[in-house]
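Below you'll find the structure, written out as structure tokens, and then a few comments.
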Amino acid sequence: MAAEMEPSDVIRLIMQYLKENNLYRTLTTLQEETTVSLNTVESIDSFIADIKNGHWDSVLMAIESLKLPDNTLIDLYEQVVMELIEMREVGAARSLLRQTDPMIMLKQTQPQRYIHLESLLTCSYFDPSEAYPRGSSKEKRRMAIAEALVREVSVVPPSRLMGLLEQVGSLRLQQYPDHLSPDMTIDTPGVKERHVEKESYPTQLYRHIKFGRRSHVECARFTPDGKYLITGSVDGFIEVWNFNAGKISKDLKYQAQDSFMMMDDAVLCMCFSQDTDLLATGAQNGKIKVWKIQSGLCLRRFEHAHNKSVTCLSFSRDSNQILSASFNYTIRIHELRSGKTLKELTGHSSLVNDVSFTQDGLHIISASADGTVKIWNAKSCECIHTFKSLSRTSEVPVNCVIPLPQNPEHFVICNHSNTVIIMNLRGQTVKTFSSERKEGGDFVCCTLSPRGEWIYCVGEDLVLYCFNYTTGRLQKTLTVHEKDVIGIAHHPHENLIATYSEDGLLRLWKP
């Protein structure tokens with residue numbers, strides 16, 4: 001028996017797979033090129049509840065890949081703008097009003113309606129009777145939007161494409177058992193590894209970006225696709241850079257209009273979703289924001305993520321959870337979809353410098369100024385192991401812990417000492433690398449090359465130490481700044497390193 005499928009249905013199956021695996025940019029391209037749309041949500045009830053409760057960040061994420069009528073989109077964005085104005089989130093309201101396609105369309109087609117929003121934006125107070133004339137109200141508008149959106153969407157069972165492929169594979173195996181040789185394998189879906197040039201340590205300054213001491217960089221990361229370098233500064237600005245030109249990236253519409261992602265306090269840490277679509281940033285005042293990099297829009301705020309500075313962030317594999325650590329000795333897990341803090345992990349006796357999910361997602365590994373590295377069960381949040389990476393008695397602060405790309409069971413542990421340690425999940429020391437400096441050379445930050453062939457550490461002496469992982473030798477030293485170095489980052493597939501310092505400079509280094 002043969003099952004016939006329309007070409008458009010095949011495309012929708014592929015689209016559903018892309019959506020389930022957070023490959024939104026590929027999904028958008030496929031929708032544009034085929035003009036086929038995938039209007040599905042995970043749950044109609046949850047979707048309606050989010051609209052009625054005004055959880056607009058969740059709604060905007062849900063409709064991101066949907067093809068909706070222009071009038072429905074205009075009504076939705078208009079409501080979001082009005083509610084942001086009501087909450088006095090004027091900056092976010094202004095960005096939505098002036099930079100999103102539905103609002104630009106509203107300005108062109110219904111100028112009076114657009115002017116009404118502009119007047120609400122500039123008013124020093126919010127009057128519901130002005131915002132919702134003719135007997136309307138916030139609740140009625142939400143209900144109308146929910147009804148309009150529900151008419152456009154449907155729910156489908158998850159993983160339909162993989163289920164069908166498995167069925168096809170089983171049928172082919174039954175029909176042609178002799179065609180599958182013993183040494184033949186069926187590849188599981190995954191991301192192909194990008195070609196990486198031969199790894200080599202840096203020897204020269206490639207370019208520098210000057211920020212100034214009052215606006216120096218506190219954190220910087222290359223996007224996982226390698227396209228941008230993003231910086232978070234002490235003045236709260238989050239900027240996306242064309243690092244080859246050493247200039248702000250103007251291919252992003254909002255930056256071309258001199259509008260930037262921004263936080264209320266110094267930006268101390270950041271992380272990316274695996275598809276490079278989302279950026280999470282943590283601030284000195286304990287807040288976390290999640291941004292859409294391509295539009296610069298804030299999709300989710302965690303206003304009370306911590307009561308002290310956020311020191312590090314990490315997305316889960318499915319990009320729905322964010323792990324954060326803080327000066328208040330705690331680690332927390334936040335859910336992106338609901339905006340709620342789900343769990344808190346306690347046990348460190350000093351500030352937590354680094355935390356991340358292990359590659360399999362089953363464990364969480366953390367590093368603290370109390371001199372310990374802890375392994376946690378990601379599901380129960382119980383601490384399974386506690387290791388002291390150096391002395392069993394003295395507390396040598398641990399700056400960071402980084403999984404080795406070539407062996408995810410092993411971790412690079414950078415202490416505030418002249419020694420870097422490779423440790424496994426059982427707490428056993430596998431390798432050590434030392435600068436041999438007796439004074440002034442304690443490491444402050446560390447990063448790895450994409451394949452883990454090189455370990456790069458910067459010391460208090462402002463020197464970059466380049467260790468060859470295979471030989472264990474210190475291959476190269478390089479003075480990188482004139483004032484205290486804050487951090488270091490490696491490009492995901494090029495021999496390019498960024499260092500940033502209290503001297504107000506971000507420097508890029510190449511072989």
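Convention: chains lettered A, B, ... in structure tokens order; per-chain residue numbering from 1; ligands numbered from 1 as shown.
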May I have the residues within 7 Å of Ser350 of chain A as a list in words, using only C-alpha atoms and disregarding those fewer than 6 positions away in the same chain? Tyr329, Ser368, Ala369 and Asp370 of chain A
How would the residues just picked look written out with N, CA, C and O atoms as a short mmCIF file (atom, residue, chain, number, x, y, z; two decimals), in the first residue's frame?
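So part.cif came out as:
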data_model
loop_
_atom_site.label_atom_id
_atom_site.label_comp_id
_atom_site.auth_asym_id
_atom_site.auth_seq_id
_atom_site.Cartn_x
_atom_site.Cartn_y
_atom_site.Cartn_z
N TYR A 329 26.05 33.36 45.49
CA TYR A 329 26.45 31.97 45.71
C TYR A 329 25.48 30.95 45.12
O TYR A 329 25.65 29.75 45.32
N SER A 368 33.50 27.84 41.39
CA SER A 368 33.27 28.92 42.36
C SER A 368 34.57 29.48 42.94
O SER A 368 35.62 28.82 42.93
N ALA A 369 34.44 30.69 43.47
CA ALA A 369 35.56 31.32 44.16
C ALA A 369 35.85 30.61 45.49
O ALA A 369 36.86 30.91 46.14
N ASP A 370 34.98 29.68 45.89
CA ASP A 370 35.26 28.91 47.11
C ASP A 370 36.29 27.80 46.87
O ASP A 370 36.63 27.03 47.78
#
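A straight line drawn from atom CA of Asp354 of chain A to atom CA of Leu404 of chain A is 15.3 Å long.
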Residue nearest Asp258 of chain A among A:Ser326, A:Asn415, A:Asn320, A:Ser95 (counting only C-alpha atoms): A:Ser95
Any idea what's packed within 9 Å of Leu268 of chain A, counting only C-alpha atoms, ignoring anything in its chain fewer than 5 positions away? Could you give it as a CSV table (one decimal) with N, CA, C and O atoms, in the first residue's frame?
chain,number,residue,atom,x,y,z
A,217,VAL,N,34.6,47.0,27.9
A,217,VAL,CA,33.8,45.7,27.7
A,217,VAL,C,34.0,44.9,28.9
A,217,VAL,O,35.1,44.7,29.5
A,218,GLU,N,32.8,44.4,29.4
A,218,GLU,CA,32.8,43.4,30.5
A,218,GLU,C,32.7,42.0,30.1
A,218,GLU,O,33.0,41.0,30.8
A,219,CYS,N,32.1,41.8,28.9
A,219,CYS,CA,32.0,40.4,28.3
A,219,CYS,C,31.9,40.5,26.8
A,219,CYS,O,31.4,41.5,26.2
A,232,GLY,N,29.3,43.2,25.6
A,232,GLY,CA,28.5,43.9,26.6
A,232,GLY,C,29.4,44.8,27.5
A,232,GLY,O,30.4,44.3,27.9
A,233,SER,N,28.9,46.0,27.7
A,233,SER,CA,29.8,47.0,28.3
A,233,SER,C,29.4,47.4,29.7
A,233,SER,O,28.2,47.2,30.1
A,234,VAL,N,30.3,48.1,30.4
A,234,VAL,CA,30.0,48.5,31.7
A,234,VAL,C,28.9,49.6,31.8
A,234,VAL,O,28.2,49.8,32.8
A,281,THR,N,21.6,38.0,28.1
A,281,THR,CA,22.6,38.8,28.8
A,281,THR,C,22.2,39.0,30.3
A,281,THR,O,21.0,39.1,30.6
A,282,GLY,N,23.2,39.0,31.1
A,282,GLY,CA,23.1,39.1,32.5
A,282,GLY,C,23.7,40.4,33.0
A,282,GLY,O,24.8,40.8,32.6
A,283,ALA,N,23.1,41.1,34.0
A,283,ALA,CA,23.6,42.4,34.4
A,283,ALA,C,24.0,42.4,35.9
A,283,ALA,O,23.7,41.5,36.7
A,284,GLN,N,24.7,43.5,36.2
A,284,GLN,CA,25.2,43.7,37.6
A,284,GLN,C,24.1,43.8,38.6
A,284,GLN,O,24.3,43.5,39.8
A,309,SER,N,24.7,40.5,41.4
A,309,SER,CA,25.2,40.4,40.0
A,309,SER,C,25.1,39.0,39.4
A,309,SER,O,25.4,38.0,40.0
A,310,VAL,N,24.7,38.9,38.1
A,310,VAL,CA,24.7,37.7,37.4
A,310,VAL,C,26.1,37.5,36.8
A,310,VAL,O,26.6,38.3,36.0
A,311,THR,N,26.8,36.4,37.1
A,311,THR,CA,28.2,36.2,36.7
A,311,THR,C,28.3,35.3,35.4
A,311,THR,O,29.3,35.5,34.7
A,312,CYS,N,27.3,34.5,35.1
A,312,CYS,CA,27.5,33.7,33.9
A,312,CYS,C,26.1,33.1,33.5
A,312,CYS,O,25.2,33.0,34.3
Which of these residues is nearest to Val398 of chain A, using only C-alpha atoms: A:Thr447, A:Ser417, A:Thr477, A:Ser136? A:Ser417
Rank nothing, just name the residue among A:Leu23, A:Leu323, A:Leu505, A:Leu13 nearest to Glu344 of chain A, using only C-alpha atoms.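 Closest to Glu344 of chain A of all the choices is A:Leu323.
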Considering only C-alpha atoms, can you say which of A:Ile74, A:Glu89, A:Glu152, A:Leu351 comes closest to Gln108 of chain A?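 Selected residue with least distance to Gln108 of chain A: A:Ile74.
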Residues within 9 Å of segment 245-257 of chain A, only C-alpha atoms, excluding chain neighbours under 5 positions, as a PyMOL selection string: chain A and resi 95+99+207-209+228+239-240+293-296
Mind writing the picked residues with N, CA, C and O atoms as an mmCIF file, in the first residue's frame?
data_model
loop_
_atom_site.group_PDB
_atom_site.id
_atom_site.type_symbol
_atom_site.label_atom_id
_atom_site.label_comp_id
_atom_site.auth_asym_id
_atom_site.auth_seq_id
_atom_site.Cartn_x
_atom_site.Cartn_y
_atom_site.Cartn_z
ATOM 1 N N SER A 95 10.967 50.828 20.063
ATOM 2 C CA SER A 95 11.625 49.922 19.110
ATOM 3 C C SER A 95 10.600 49.131 18.307
ATOM 4 O O SER A 95 10.715 49.001 17.084
ATOM 5 N N GLN A 99 10.406 49.929 14.329
ATOM 6 C CA GLN A 99 11.326 49.042 13.623
ATOM 7 C C GLN A 99 10.707 47.749 13.119
ATOM 8 O O GLN A 99 11.335 47.042 12.335
ATOM 9 N N ARG A 207 43.498 43.465 14.802
ATOM 10 C CA ARG A 207 42.673 44.680 14.802
ATOM 11 C C ARG A 207 42.329 45.027 16.250
ATOM 12 O O ARG A 207 42.369 44.167 17.128
ATOM 13 N N HIS A 208 41.973 46.286 16.518
ATOM 14 C CA HIS A 208 41.490 46.632 17.852
ATOM 15 C C HIS A 208 40.272 47.540 17.752
ATOM 16 O O HIS A 208 40.095 48.268 16.767
ATOM 17 N N ILE A 209 39.428 47.466 18.775
ATOM 18 C CA ILE A 209 38.230 48.308 18.870
ATOM 19 C C ILE A 209 38.346 49.095 20.163
ATOM 20 O O ILE A 209 38.536 48.511 21.238
ATOM 21 N N TYR A 228 29.303 37.273 13.812
ATOM 22 C CA TYR A 228 29.436 38.507 14.583
ATOM 23 C C TYR A 228 30.285 38.298 15.835
ATOM 24 O O TYR A 228 30.438 37.184 16.334
ATOM 25 N N GLU A 239 26.443 45.509 21.909
ATOM 26 C CA GLU A 239 26.696 45.900 20.521
ATOM 27 C C GLU A 239 27.161 44.714 19.688
ATOM 28 O O GLU A 239 27.918 43.866 20.153
ATOM 29 N N VAL A 240 26.687 44.679 18.451
ATOM 30 C CA VAL A 240 27.012 43.611 17.504
ATOM 31 C C VAL A 240 28.019 44.170 16.504
ATOM 32 O O VAL A 240 27.760 45.186 15.854
ATOM 33 N N ILE A 293 18.565 38.474 18.117
ATOM 34 C CA ILE A 293 19.725 39.196 17.589
ATOM 35 C C ILE A 293 19.397 39.931 16.291
ATOM 36 O O ILE A 293 19.794 41.088 16.099
ATOM 37 N N GLN A 294 18.635 39.294 15.396
ATOM 38 C CA GLN A 294 18.380 39.905 14.100
ATOM 39 C C GLN A 294 17.509 41.161 14.179
ATOM 40 O O GLN A 294 17.657 42.076 13.375
ATOM 41 N N SER A 295 16.608 41.224 15.168
ATOM 42 C CA SER A 295 15.718 42.391 15.279
ATOM 43 C C SER A 295 16.086 43.314 16.438
ATOM 44 O O SER A 295 15.653 44.454 16.487
ATOM 45 N N GLY A 296 16.878 42.812 17.386
ATOM 46 C CA GLY A 296 17.230 43.612 18.556
ATOM 47 C C GLY A 296 16.121 43.707 19.583
ATOM 48 O O GLY A 296 16.234 44.457 20.553
#
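The residue that comes closest to Glu436 of chain A, out of A:Thr276, A:Thr419, A:Ser43, A:Asn53 and on the basis of only C-alpha atoms, is A:Thr419.
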Please compute the atom CA of Asp75 of chain A-atom CA of Leu30 of chain A distance, one decimal, in Å. 26.1 Å
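With distances restricted to only C-alpha atoms, A:Glu409 is the closest residue to Ile375 of chain A from A:Glu395, A:Asp264, A:Glu502, A:Glu409.
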Contacts of segment 377-389 of chain A within 12 Å, only C-alpha atoms, excl. fewer than 5 positions in-chain, as a ChimeraX atom specification: /A:316,321,323,331-333,342-348,355-372,394-401,411-417,419-432
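The shell of residues at most 7 Å from Leu462 of chain A, with only C-alpha atoms counted and near chain neighbours (fewer than 4 positions) removed, consists of A:Val458, A:Thr479, A:Val480, A:His481, A:Glu482, A:Asp484, A:Val485.
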What lies within 10 Å of Arg301 of chain A using only C-alpha atoms, ignoring chain neighbours under 2 positions off, as a ChimeraX atom specification? /A:57,280-281,287-291,298-299,303-305,336,339-340
Atom CA of Ala146 of chain A and atom CA of Leu73 of chain A, how far apart in Å?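 The value is 11.6 Å.
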